[in-house]
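Student: My structure file model-v5.txt, compact mmCIF, N, CA and C atoms, is below:
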```
# COMPACT_ATOMS: atom_id res chain seq x y z
N MET A 11 72.04 -20.79 2.63
CA MET A 11 71.18 -20.12 1.70
C MET A 11 70.06 -21.01 1.22
N ALA A 12 70.25 -22.27 1.32
CA ALA A 12 69.23 -23.22 0.91
C ALA A 12 67.96 -23.00 1.74
N PHE A 13 68.16 -22.59 2.98
CA PHE A 13 67.01 -22.33 3.87
C PHE A 13 66.14 -21.20 3.31
N PHE A 14 66.79 -20.12 2.86
CA PHE A 14 66.05 -18.98 2.32
C PHE A 14 65.39 -19.32 0.98
N ASP A 15 66.07 -20.14 0.18
CA ASP A 15 65.47 -20.57 -1.09
C ASP A 15 64.22 -21.40 -0.83
N ASP A 16 64.30 -22.29 0.16
CA ASP A 16 63.15 -23.11 0.55
C ASP A 16 62.00 -22.24 1.06
N LEU A 17 62.36 -21.28 1.89
CA LEU A 17 61.35 -20.36 2.45
C LEU A 17 60.70 -19.55 1.34
N GLY A 18 61.47 -19.10 0.39
CA GLY A 18 60.94 -18.33 -0.75
C GLY A 18 59.96 -19.15 -1.58
N LYS A 19 60.31 -20.42 -1.82
CA LYS A 19 59.42 -21.29 -2.59
C LYS A 19 58.11 -21.53 -1.85
N LYS A 20 58.21 -21.73 -0.54
CA LYS A 20 57.01 -21.96 0.26
C LYS A 20 56.12 -20.72 0.27
N LEU A 21 56.71 -19.56 0.41
CA LEU A 21 55.94 -18.31 0.39
C LEU A 21 55.29 -18.09 -0.98
N SER A 22 56.01 -18.41 -2.01
CA SER A 22 55.48 -18.25 -3.36
C SER A 22 54.27 -19.16 -3.58
N LYS A 23 54.41 -20.43 -3.11
CA LYS A 23 53.29 -21.37 -3.24
C LYS A 23 52.10 -20.90 -2.41
N ALA A 24 52.35 -20.40 -1.21
CA ALA A 24 51.26 -19.90 -0.35
C ALA A 24 50.57 -18.70 -1.00
N GLY A 25 51.33 -17.83 -1.60
CA GLY A 25 50.76 -16.66 -2.29
C GLY A 25 49.90 -17.08 -3.47
N GLN A 26 50.41 -18.03 -4.26
CA GLN A 26 49.65 -18.53 -5.41
C GLN A 26 48.37 -19.21 -4.94
N SER A 27 48.47 -19.95 -3.86
CA SER A 27 47.29 -20.63 -3.31
C SER A 27 46.24 -19.60 -2.85
N ALA A 28 46.71 -18.53 -2.20
CA ALA A 28 45.80 -17.48 -1.74
C ALA A 28 45.13 -16.78 -2.93
N VAL A 29 45.91 -16.52 -3.95
CA VAL A 29 45.35 -15.90 -5.17
C VAL A 29 44.31 -16.81 -5.79
N GLN A 30 44.62 -18.11 -5.85
CA GLN A 30 43.68 -19.08 -6.43
C GLN A 30 42.38 -19.13 -5.62
N LYS A 31 42.49 -19.15 -4.28
CA LYS A 31 41.30 -19.18 -3.42
C LYS A 31 40.47 -17.90 -3.61
N THR A 32 41.14 -16.77 -3.70
CA THR A 32 40.44 -15.50 -3.91
C THR A 32 39.70 -15.51 -5.24
N LYS A 33 40.34 -16.03 -6.28
CA LYS A 33 39.70 -16.12 -7.59
C LYS A 33 38.48 -17.04 -7.52
N GLU A 34 38.61 -18.17 -6.82
CA GLU A 34 37.49 -19.10 -6.68
C GLU A 34 36.32 -18.45 -5.94
N LEU A 35 36.64 -17.73 -4.86
CA LEU A 35 35.59 -17.04 -4.10
C LEU A 35 34.88 -15.98 -4.95
N ALA A 36 35.64 -15.26 -5.75
CA ALA A 36 35.04 -14.25 -6.64
C ALA A 36 34.14 -14.92 -7.68
N ASP A 37 34.60 -16.03 -8.23
CA ASP A 37 33.79 -16.77 -9.21
C ASP A 37 32.50 -17.30 -8.57
N ILE A 38 32.62 -17.82 -7.34
CA ILE A 38 31.44 -18.33 -6.64
C ILE A 38 30.46 -17.19 -6.37
N ALA A 39 30.97 -16.02 -5.97
CA ALA A 39 30.10 -14.87 -5.71
C ALA A 39 29.37 -14.45 -6.99
N LYS A 40 30.08 -14.43 -8.12
CA LYS A 40 29.46 -14.08 -9.40
C LYS A 40 28.36 -15.09 -9.77
N LEU A 41 28.66 -16.38 -9.58
CA LEU A 41 27.68 -17.42 -9.91
C LEU A 41 26.47 -17.33 -8.98
N ASN A 42 26.69 -17.08 -7.68
CA ASN A 42 25.56 -16.92 -6.74
C ASN A 42 24.70 -15.72 -7.12
N SER A 43 25.35 -14.67 -7.57
CA SER A 43 24.61 -13.49 -8.02
C SER A 43 23.76 -13.82 -9.25
N SER A 44 24.32 -14.60 -10.16
CA SER A 44 23.57 -15.01 -11.35
C SER A 44 22.39 -15.90 -10.98
N VAL A 45 22.61 -16.81 -10.02
CA VAL A 45 21.52 -17.67 -9.54
C VAL A 45 20.41 -16.80 -8.95
N TYR A 46 20.78 -15.82 -8.11
CA TYR A 46 19.80 -14.92 -7.49
C TYR A 46 19.01 -14.16 -8.56
N ASP A 47 19.71 -13.67 -9.59
CA ASP A 47 19.04 -12.94 -10.68
C ASP A 47 18.02 -13.82 -11.40
N GLU A 48 18.40 -15.07 -11.66
CA GLU A 48 17.48 -15.98 -12.34
C GLU A 48 16.28 -16.32 -11.45
N GLU A 49 16.52 -16.52 -10.13
CA GLU A 49 15.41 -16.78 -9.21
C GLU A 49 14.46 -15.58 -9.15
N LYS A 50 15.02 -14.39 -9.20
CA LYS A 50 14.20 -13.17 -9.19
C LYS A 50 13.34 -13.10 -10.46
N LYS A 51 13.91 -13.48 -11.60
CA LYS A 51 13.14 -13.52 -12.85
C LYS A 51 11.98 -14.51 -12.74
N ILE A 52 12.24 -15.67 -12.16
CA ILE A 52 11.19 -16.68 -11.98
C ILE A 52 10.08 -16.13 -11.09
N ASP A 53 10.46 -15.51 -9.98
CA ASP A 53 9.46 -14.93 -9.07
C ASP A 53 8.63 -13.86 -9.77
N ASN A 54 9.28 -13.01 -10.57
CA ASN A 54 8.54 -11.98 -11.31
C ASN A 54 7.59 -12.59 -12.33
N ASN A 55 8.03 -13.69 -12.97
CA ASN A 55 7.16 -14.36 -13.93
C ASN A 55 5.95 -14.98 -13.23
N TYR A 56 6.17 -15.59 -12.06
CA TYR A 56 5.04 -16.12 -11.29
C TYR A 56 4.07 -15.00 -10.91
N LEU A 57 4.61 -13.88 -10.52
CA LEU A 57 3.78 -12.73 -10.16
C LEU A 57 2.95 -12.27 -11.36
N GLU A 58 3.58 -12.18 -12.51
CA GLU A 58 2.86 -11.77 -13.72
C GLU A 58 1.80 -12.79 -14.12
N ILE A 59 2.12 -14.08 -13.97
CA ILE A 59 1.13 -15.13 -14.26
C ILE A 59 -0.08 -14.96 -13.35
N GLY A 60 0.16 -14.70 -12.07
CA GLY A 60 -0.94 -14.50 -11.13
C GLY A 60 -1.79 -13.30 -11.48
N LYS A 61 -1.14 -12.19 -11.81
CA LYS A 61 -1.89 -10.98 -12.20
C LYS A 61 -2.71 -11.23 -13.46
N LEU A 62 -2.11 -11.92 -14.43
CA LEU A 62 -2.81 -12.21 -15.67
C LEU A 62 -4.00 -13.13 -15.41
N TYR A 63 -3.81 -14.13 -14.56
CA TYR A 63 -4.90 -15.05 -14.25
C TYR A 63 -6.07 -14.31 -13.61
N VAL A 64 -5.77 -13.46 -12.64
CA VAL A 64 -6.83 -12.72 -11.96
C VAL A 64 -7.53 -11.78 -12.94
N SER A 65 -6.78 -11.12 -13.81
CA SER A 65 -7.42 -10.21 -14.75
C SER A 65 -8.30 -10.95 -15.76
N LEU A 66 -7.90 -12.17 -16.15
CA LEU A 66 -8.68 -12.92 -17.12
C LEU A 66 -9.81 -13.73 -16.48
N HIS A 67 -9.63 -14.17 -15.24
CA HIS A 67 -10.60 -15.08 -14.62
C HIS A 67 -11.10 -14.56 -13.27
N ASP A 68 -11.27 -13.26 -13.16
CA ASP A 68 -11.72 -12.68 -11.89
C ASP A 68 -13.08 -13.23 -11.49
N ALA A 69 -13.98 -13.32 -12.43
CA ALA A 69 -15.35 -13.76 -12.13
C ALA A 69 -15.51 -15.28 -12.24
N ASP A 70 -14.71 -15.94 -13.06
CA ASP A 70 -14.90 -17.37 -13.29
C ASP A 70 -13.69 -18.20 -12.88
N HIS A 71 -13.05 -17.84 -11.80
CA HIS A 71 -11.86 -18.55 -11.35
C HIS A 71 -12.24 -19.87 -10.66
N GLU A 72 -11.24 -20.72 -10.55
CA GLU A 72 -11.45 -22.00 -9.88
C GLU A 72 -11.62 -21.77 -8.38
N GLN A 73 -12.30 -22.68 -7.75
CA GLN A 73 -12.63 -22.55 -6.33
C GLN A 73 -11.37 -22.47 -5.45
N ASP A 74 -10.30 -23.09 -5.87
CA ASP A 74 -9.05 -23.08 -5.10
C ASP A 74 -8.51 -21.65 -4.91
N PHE A 75 -8.91 -20.73 -5.80
CA PHE A 75 -8.39 -19.38 -5.76
C PHE A 75 -9.31 -18.40 -5.04
N ASP A 76 -10.45 -18.86 -4.53
CA ASP A 76 -11.43 -17.98 -3.89
C ASP A 76 -10.82 -17.10 -2.80
N SER A 77 -10.14 -17.71 -1.85
CA SER A 77 -9.64 -16.93 -0.71
C SER A 77 -8.57 -15.93 -1.15
N LEU A 78 -7.73 -16.32 -2.09
CA LEU A 78 -6.67 -15.42 -2.54
C LEU A 78 -7.24 -14.24 -3.30
N ILE A 79 -8.18 -14.51 -4.20
CA ILE A 79 -8.77 -13.43 -4.99
C ILE A 79 -9.62 -12.53 -4.09
N SER A 80 -10.31 -13.09 -3.13
CA SER A 80 -11.07 -12.28 -2.18
C SER A 80 -10.14 -11.37 -1.38
N ALA A 81 -9.01 -11.90 -0.97
CA ALA A 81 -8.04 -11.11 -0.22
C ALA A 81 -7.50 -9.96 -1.07
N ILE A 82 -7.30 -10.22 -2.36
CA ILE A 82 -6.84 -9.17 -3.27
C ILE A 82 -7.89 -8.07 -3.35
N HIS A 83 -9.16 -8.45 -3.51
CA HIS A 83 -10.23 -7.45 -3.62
C HIS A 83 -10.37 -6.65 -2.32
N GLU A 84 -10.25 -7.32 -1.19
CA GLU A 84 -10.32 -6.60 0.09
C GLU A 84 -9.19 -5.60 0.21
N SER A 85 -8.00 -5.99 -0.19
CA SER A 85 -6.85 -5.09 -0.12
C SER A 85 -7.03 -3.91 -1.08
N GLU A 86 -7.54 -4.19 -2.28
CA GLU A 86 -7.79 -3.10 -3.24
C GLU A 86 -8.80 -2.11 -2.68
N ASP A 87 -9.87 -2.61 -2.05
CA ASP A 87 -10.88 -1.73 -1.45
C ASP A 87 -10.27 -0.90 -0.33
N LYS A 88 -9.44 -1.52 0.49
CA LYS A 88 -8.79 -0.82 1.61
C LYS A 88 -7.86 0.26 1.08
N ILE A 89 -7.11 -0.05 0.03
CA ILE A 89 -6.22 0.94 -0.59
C ILE A 89 -7.02 2.12 -1.09
N LYS A 90 -8.14 1.85 -1.77
CA LYS A 90 -8.99 2.92 -2.29
C LYS A 90 -9.48 3.81 -1.16
N GLU A 91 -9.91 3.18 -0.06
CA GLU A 91 -10.41 3.93 1.11
C GLU A 91 -9.29 4.79 1.72
N LEU A 92 -8.11 4.22 1.86
CA LEU A 92 -6.99 4.96 2.44
C LEU A 92 -6.56 6.12 1.55
N LYS A 93 -6.55 5.91 0.24
CA LYS A 93 -6.21 6.99 -0.69
C LYS A 93 -7.24 8.11 -0.62
N GLN A 94 -8.52 7.75 -0.43
CA GLN A 94 -9.56 8.76 -0.29
C GLN A 94 -9.34 9.58 0.98
N GLN A 95 -8.95 8.91 2.05
CA GLN A 95 -8.66 9.62 3.31
C GLN A 95 -7.48 10.59 3.12
N ILE A 96 -6.47 10.16 2.38
CA ILE A 96 -5.33 11.03 2.10
C ILE A 96 -5.79 12.25 1.31
N SER A 97 -6.62 12.03 0.28
CA SER A 97 -7.13 13.14 -0.52
C SER A 97 -7.96 14.09 0.33
N ASP A 98 -8.77 13.55 1.24
CA ASP A 98 -9.59 14.38 2.11
C ASP A 98 -8.71 15.25 3.01
N ILE A 99 -7.66 14.66 3.55
CA ILE A 99 -6.75 15.42 4.42
C ILE A 99 -6.04 16.51 3.63
N LYS A 100 -5.62 16.19 2.40
CA LYS A 100 -4.92 17.16 1.56
C LYS A 100 -5.89 18.20 0.98
N GLY A 101 -7.18 17.92 1.02
CA GLY A 101 -8.16 18.84 0.46
C GLY A 101 -8.16 18.85 -1.06
N VAL A 102 -7.89 17.70 -1.66
CA VAL A 102 -7.85 17.60 -3.11
C VAL A 102 -8.82 16.53 -3.60
N VAL A 103 -9.17 16.64 -4.87
CA VAL A 103 -9.99 15.63 -5.53
C VAL A 103 -9.28 15.23 -6.82
N LYS A 104 -9.61 14.06 -7.33
CA LYS A 104 -9.02 13.58 -8.58
C LYS A 104 -9.87 14.06 -9.75
N CYS A 105 -9.22 14.54 -10.78
CA CYS A 105 -9.92 14.92 -12.00
C CYS A 105 -10.42 13.65 -12.66
N GLU A 106 -11.70 13.63 -13.01
CA GLU A 106 -12.27 12.43 -13.63
C GLU A 106 -11.74 12.20 -15.04
N LYS A 107 -11.25 13.26 -15.68
CA LYS A 107 -10.78 13.14 -17.05
C LYS A 107 -9.32 12.68 -17.13
N CYS A 108 -8.42 13.35 -16.35
CA CYS A 108 -6.99 13.03 -16.48
C CYS A 108 -6.37 12.40 -15.24
N GLY A 109 -7.09 12.42 -14.11
CA GLY A 109 -6.59 11.80 -12.89
C GLY A 109 -5.68 12.67 -12.05
N ALA A 110 -5.49 13.93 -12.44
CA ALA A 110 -4.62 14.83 -11.68
C ALA A 110 -5.28 15.24 -10.37
N GLU A 111 -4.47 15.54 -9.36
CA GLU A 111 -5.00 16.04 -8.10
C GLU A 111 -5.27 17.53 -8.23
N VAL A 112 -6.50 17.92 -7.87
CA VAL A 112 -6.92 19.31 -8.01
C VAL A 112 -7.48 19.77 -6.67
N SER A 113 -7.22 21.01 -6.32
CA SER A 113 -7.75 21.57 -5.08
C SER A 113 -9.26 21.40 -5.06
N GLY A 114 -9.80 21.08 -3.88
CA GLY A 114 -11.22 20.79 -3.74
C GLY A 114 -12.13 21.95 -4.11
N ASP A 115 -11.64 23.18 -4.05
CA ASP A 115 -12.49 24.33 -4.35
C ASP A 115 -12.29 24.85 -5.78
N SER A 116 -11.51 24.15 -6.60
CA SER A 116 -11.28 24.57 -7.98
C SER A 116 -12.47 24.23 -8.86
N ALA A 117 -12.77 25.12 -9.79
CA ALA A 117 -13.87 24.89 -10.73
C ALA A 117 -13.39 24.07 -11.93
N PHE A 118 -12.09 24.18 -12.25
CA PHE A 118 -11.55 23.48 -13.41
C PHE A 118 -10.24 22.80 -13.04
N CYS A 119 -9.92 21.73 -13.75
CA CYS A 119 -8.68 20.99 -13.53
C CYS A 119 -7.51 21.86 -13.99
N SER A 120 -6.50 21.96 -13.16
CA SER A 120 -5.33 22.77 -13.51
C SER A 120 -4.44 22.06 -14.53
N SER A 121 -4.68 20.78 -14.76
CA SER A 121 -3.86 20.02 -15.71
C SER A 121 -4.48 19.99 -17.11
N CYS A 122 -5.76 19.60 -17.17
CA CYS A 122 -6.38 19.43 -18.49
C CYS A 122 -7.49 20.44 -18.77
N GLY A 123 -7.91 21.19 -17.77
CA GLY A 123 -8.94 22.22 -17.97
C GLY A 123 -10.36 21.70 -17.89
N ALA A 124 -10.55 20.44 -17.60
CA ALA A 124 -11.91 19.88 -17.52
C ALA A 124 -12.64 20.48 -16.32
N PRO A 125 -13.95 20.71 -16.47
CA PRO A 125 -14.71 21.23 -15.33
C PRO A 125 -14.76 20.19 -14.21
N MET A 126 -14.58 20.67 -12.99
CA MET A 126 -14.61 19.78 -11.83
C MET A 126 -16.04 19.69 -11.31
N PRO A 127 -16.44 18.52 -10.83
CA PRO A 127 -17.80 18.38 -10.31
C PRO A 127 -17.99 19.25 -9.07
N VAL A 128 -19.20 19.79 -8.92
CA VAL A 128 -19.51 20.62 -7.76
C VAL A 128 -19.81 19.70 -6.58
N VAL A 129 -19.10 19.91 -5.49
CA VAL A 129 -19.30 19.10 -4.30
C VAL A 129 -20.34 19.79 -3.44
N LYS A 130 -21.41 19.04 -3.12
CA LYS A 130 -22.47 19.60 -2.29
C LYS A 130 -21.99 19.65 -0.85
N PRO A 131 -22.28 20.77 -0.14
CA PRO A 131 -21.89 20.82 1.27
C PRO A 131 -22.71 19.84 2.08
N ALA A 132 -22.18 19.43 3.21
CA ALA A 132 -22.88 18.48 4.08
C ALA A 132 -24.19 19.09 4.54
N GLU A 133 -25.23 18.26 4.62
CA GLU A 133 -26.54 18.75 5.02
C GLU A 133 -26.50 19.17 6.48
N THR A 134 -27.25 20.26 6.79
CA THR A 134 -27.31 20.73 8.16
C THR A 134 -28.40 19.97 8.90
N VAL A 135 -28.36 20.01 10.21
CA VAL A 135 -29.34 19.31 11.04
C VAL A 135 -30.66 20.05 10.93
N PRO A 136 -31.80 19.34 10.71
CA PRO A 136 -33.09 20.01 10.59
C PRO A 136 -33.42 20.83 11.85
N ALA A 137 -34.20 21.90 11.67
CA ALA A 137 -34.54 22.80 12.76
C ALA A 137 -35.30 22.08 13.86
N GLU A 138 -36.13 21.09 13.53
CA GLU A 138 -36.90 20.37 14.54
C GLU A 138 -35.98 19.69 15.54
N THR A 139 -34.87 19.13 15.06
CA THR A 139 -33.93 18.44 15.94
C THR A 139 -33.24 19.44 16.86
N VAL A 140 -32.96 20.65 16.35
CA VAL A 140 -32.29 21.66 17.15
C VAL A 140 -33.21 22.18 18.24
N ASP A 141 -34.50 22.35 17.94
CA ASP A 141 -35.44 22.88 18.92
C ASP A 141 -35.83 21.86 19.98
N ALA A 142 -35.71 20.60 19.68
CA ALA A 142 -36.16 19.55 20.61
C ALA A 142 -35.52 19.67 21.98
N PRO A 143 -34.23 19.85 22.13
CA PRO A 143 -33.66 19.95 23.46
C PRO A 143 -34.18 21.18 24.22
N ALA A 144 -34.41 22.28 23.51
CA ALA A 144 -34.92 23.48 24.18
C ALA A 144 -36.32 23.23 24.71
N GLN A 145 -37.15 22.51 23.95
CA GLN A 145 -38.51 22.21 24.41
C GLN A 145 -38.45 21.29 25.62
N GLU A 146 -37.52 20.33 25.61
CA GLU A 146 -37.39 19.43 26.75
C GLU A 146 -36.98 20.20 27.99
N VAL A 147 -36.07 21.15 27.86
CA VAL A 147 -35.62 21.95 28.98
C VAL A 147 -36.79 22.76 29.52
N ALA A 148 -37.59 23.35 28.63
CA ALA A 148 -38.74 24.16 29.06
C ALA A 148 -39.74 23.29 29.80
N SER A 149 -39.98 22.08 29.32
CA SER A 149 -40.96 21.22 29.99
C SER A 149 -40.46 20.77 31.35
N VAL A 150 -39.16 20.69 31.54
CA VAL A 150 -38.60 20.31 32.83
C VAL A 150 -38.71 21.47 33.80
N GLU A 151 -38.54 22.72 33.30
CA GLU A 151 -38.57 23.89 34.16
C GLU A 151 -39.99 24.23 34.60
N GLU A 152 -40.99 24.01 33.76
CA GLU A 152 -42.36 24.41 34.07
C GLU A 152 -42.90 23.75 35.33
N PRO A 153 -42.76 22.45 35.56
CA PRO A 153 -43.29 21.87 36.79
C PRO A 153 -42.62 22.48 38.02
N ALA A 154 -41.36 22.81 37.93
CA ALA A 154 -40.67 23.40 39.08
C ALA A 154 -41.27 24.75 39.41
N GLN A 155 -41.66 25.53 38.39
CA GLN A 155 -42.26 26.85 38.63
C GLN A 155 -43.63 26.69 39.26
N GLU A 156 -44.39 25.68 38.83
CA GLU A 156 -45.72 25.45 39.37
C GLU A 156 -45.64 25.10 40.85
N GLU A 157 -44.62 24.32 41.26
CA GLU A 157 -44.45 23.96 42.65
C GLU A 157 -44.19 25.19 43.50
N GLN A 158 -43.43 26.15 42.96
CA GLN A 158 -43.15 27.35 43.72
C GLN A 158 -44.41 28.18 43.91
N LYS A 159 -45.31 28.22 42.93
CA LYS A 159 -46.54 28.99 43.01
C LYS A 159 -47.47 28.42 44.08
N THR A 160 -47.52 27.12 44.24
CA THR A 160 -48.43 26.49 45.17
C THR A 160 -47.99 26.68 46.62
N GLU A 161 -46.78 26.96 46.86
CA GLU A 161 -46.28 27.10 48.24
C GLU A 161 -46.66 28.36 48.83
```
Can the structure in the file be given as structure tokens, please?
Tutor:
Amino acid sequence: MAFFDDLGKKLSKAGQSAVQKTKELADIAKLNSSVYDEEKKIDNNYLEIGKLYVSLHDADHEQDFDSLISAIHESEDKIKELKQQISDIKGVVKCEKCGAEVSGDSAFCSSCGAPMPVVKPAETVPAETVDAPAQEVASVEEPAQEEQKTE
């Protein structure tokens, strides 16, 4: 029976050791999660510092920031252009008063009731440009008719 008592003690120690290792791993995971959370806070603070710097020193920033601030402005311009393309495809315009999307043919904003600006239709091609190809065709045909008369 001493054999079984020995085996029982060894199993008990192994179980306690496994429980201890599991507890340590859980504690390490919690601490790593806390480290990640703090690093994320630092990154967000750096981001906010950068945004604040650009908003306060957009025109008078140090030369070291030229390329970064230029890249920001280029991206902002590209975003504006892409959003305009989206609005064009959707057939909507932004209300100048409240910023709501309104159908392009609406006279008033459906959100705030402000009058919408009248969009002028695209200009048509002048009549002179339209007639020019017809005149060119006529001038090409006339010499051919004259040749037939002389024969």
Student: Hey, can you check how far atom C of Gly109 in chain A sits from CA of Ser121 in chain A?
Tutor: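 It comes out at 8.4 Å.
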Student: Could you jot down the CA of Asp115 in chain A to CA of Asp98 in chain A separation for me, Å, one decimal place?
Tutor: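 CA of Asp115 in chain A sits 12.2 Å away from CA of Asp98 in chain A.
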Student: In Å, with one decimal, what is the gap from CA of Ile82 in chain A to CA of Tyr56 in chain A?
Tutor: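 So the answer is 15.9 Å.
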Student: For a quick check of understanding, using only N, CA and C atoms, which of A:Ser113, A:Ser27, A:Ser85, A:Ser22 has the smallest distance to Lys100 in chain A?
Tutor: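 Ranking A:Ser113, A:Ser27, A:Ser85, A:Ser22 by distance to Lys100 in chain A, first place goes to A:Ser113.
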Student: Name the closest residue to Val64 in chain A among the candidates A:Gly114, A:Ile79, A:Leu35, A:Val102; distances are taken between atoms, counting all atoms listed in the file.
Tutor: A:Ile79
